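S.K.: The structure follows.
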Amino acid sequence: MRSLASKLFGADHSFRQSVAASLGIVKKKCAGQSLGQAFGYFMQHYPGVKYPGDKGSRLESKLGREYIRLYLQRWFQ
């Protein structure tokens with residue numbers, strides 16, 4: 001997970017912290033839902049919306065999607 005984060009965020013710690021906070025919001029909003037539903041919610045509401053341009057593109061990449069899914073697996077099945 002750490003190597004994924006390093007590849008995805010590089011030295012941009014504020015972006016990494018912002019994504020972590022956004023995932024915390026998804027945890028609350030999607031309580032009781034499946035991993036797929038929580039992942040879908042994040043992908044619909046964050047890349048390109050809260051995170052436009054390069055940041056959104058990084059989250060929508062294969063690496064970004066893998067990171068988001070693994071992060072959400074802490075709370076969802």
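Labels used: A, B, ... for chains in the order of the structure tokens, numbers from 1 for residues in each chain, and numbers from 1 for ligands as shown.
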Using the chain letters and numbers from this document, which residues of chain A does DSSP assign to helix (DSSP H, G or I), as a PyMOL selection string?
M.R.: chain A and resi 2-9+13-29+35-45+53-60+62-72
S.K.: Which residues are near A:Arg69? Cut-off 9 Å, only C-alpha atoms, ignore same chain within fewer than 5 positions. Put them as a ChimeraX atom specification.
M.R.: /A:35-36,38-39,64
S.K.: I need the chosen residues saved as a PDB file, in the first residue's frame, with N, CA and C atoms.
M.R.:
```pdb
ATOM      1  N   LEU A  35     -18.371  -2.648  -0.924  1.00  0.00           N
ATOM      2  CA  LEU A  35     -17.137  -2.042  -1.414  1.00  0.00           C
ATOM      3  C   LEU A  35     -17.362  -1.434  -2.793  1.00  0.00           C
ATOM      4  N   GLY A  36     -18.039  -2.151  -3.659  1.00  0.00           N
ATOM      5  CA  GLY A  36     -18.305  -1.646  -5.007  1.00  0.00           C
ATOM      6  C   GLY A  36     -19.113  -0.360  -5.003  1.00  0.00           C
ATOM      7  N   ALA A  38     -19.284   1.851  -2.483  1.00  0.00           N
ATOM      8  CA  ALA A  38     -18.455   2.921  -1.924  1.00  0.00           C
ATOM      9  C   ALA A  38     -17.430   3.393  -2.954  1.00  0.00           C
ATOM     10  N   PHE A  39     -16.833   2.462  -3.667  1.00  0.00           N
ATOM     11  CA  PHE A  39     -15.869   2.801  -4.712  1.00  0.00           C
ATOM     12  C   PHE A  39     -16.551   3.626  -5.804  1.00  0.00           C
ATOM     13  N   GLY A  64      -4.365   4.596  -9.460  1.00  0.00           N
ATOM     14  CA  GLY A  64      -5.248   5.334  -8.558  1.00  0.00           C
ATOM     15  C   GLY A  64      -6.454   4.522  -8.145  1.00  0.00           C
TER      16      GLY A  64
END
```
S.K.: Report as a PyMOL selection string all protein, DNA and RNA residues lying within 12 Å of stretch 5-22 of chain A, evaluated on only C-alpha atoms, omitting residues in the same chain fewer than 6 positions from it.
M.R.: chain A and resi 28-29+38-39+41-43+45-47+49-52+54-68+70-72
S.K.: Could you jot down the atom CA of A:Phe76 to atom CA of A:Val26 separation for me, Å, one decimal place?
M.R.: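 The value is 10.6 Å.
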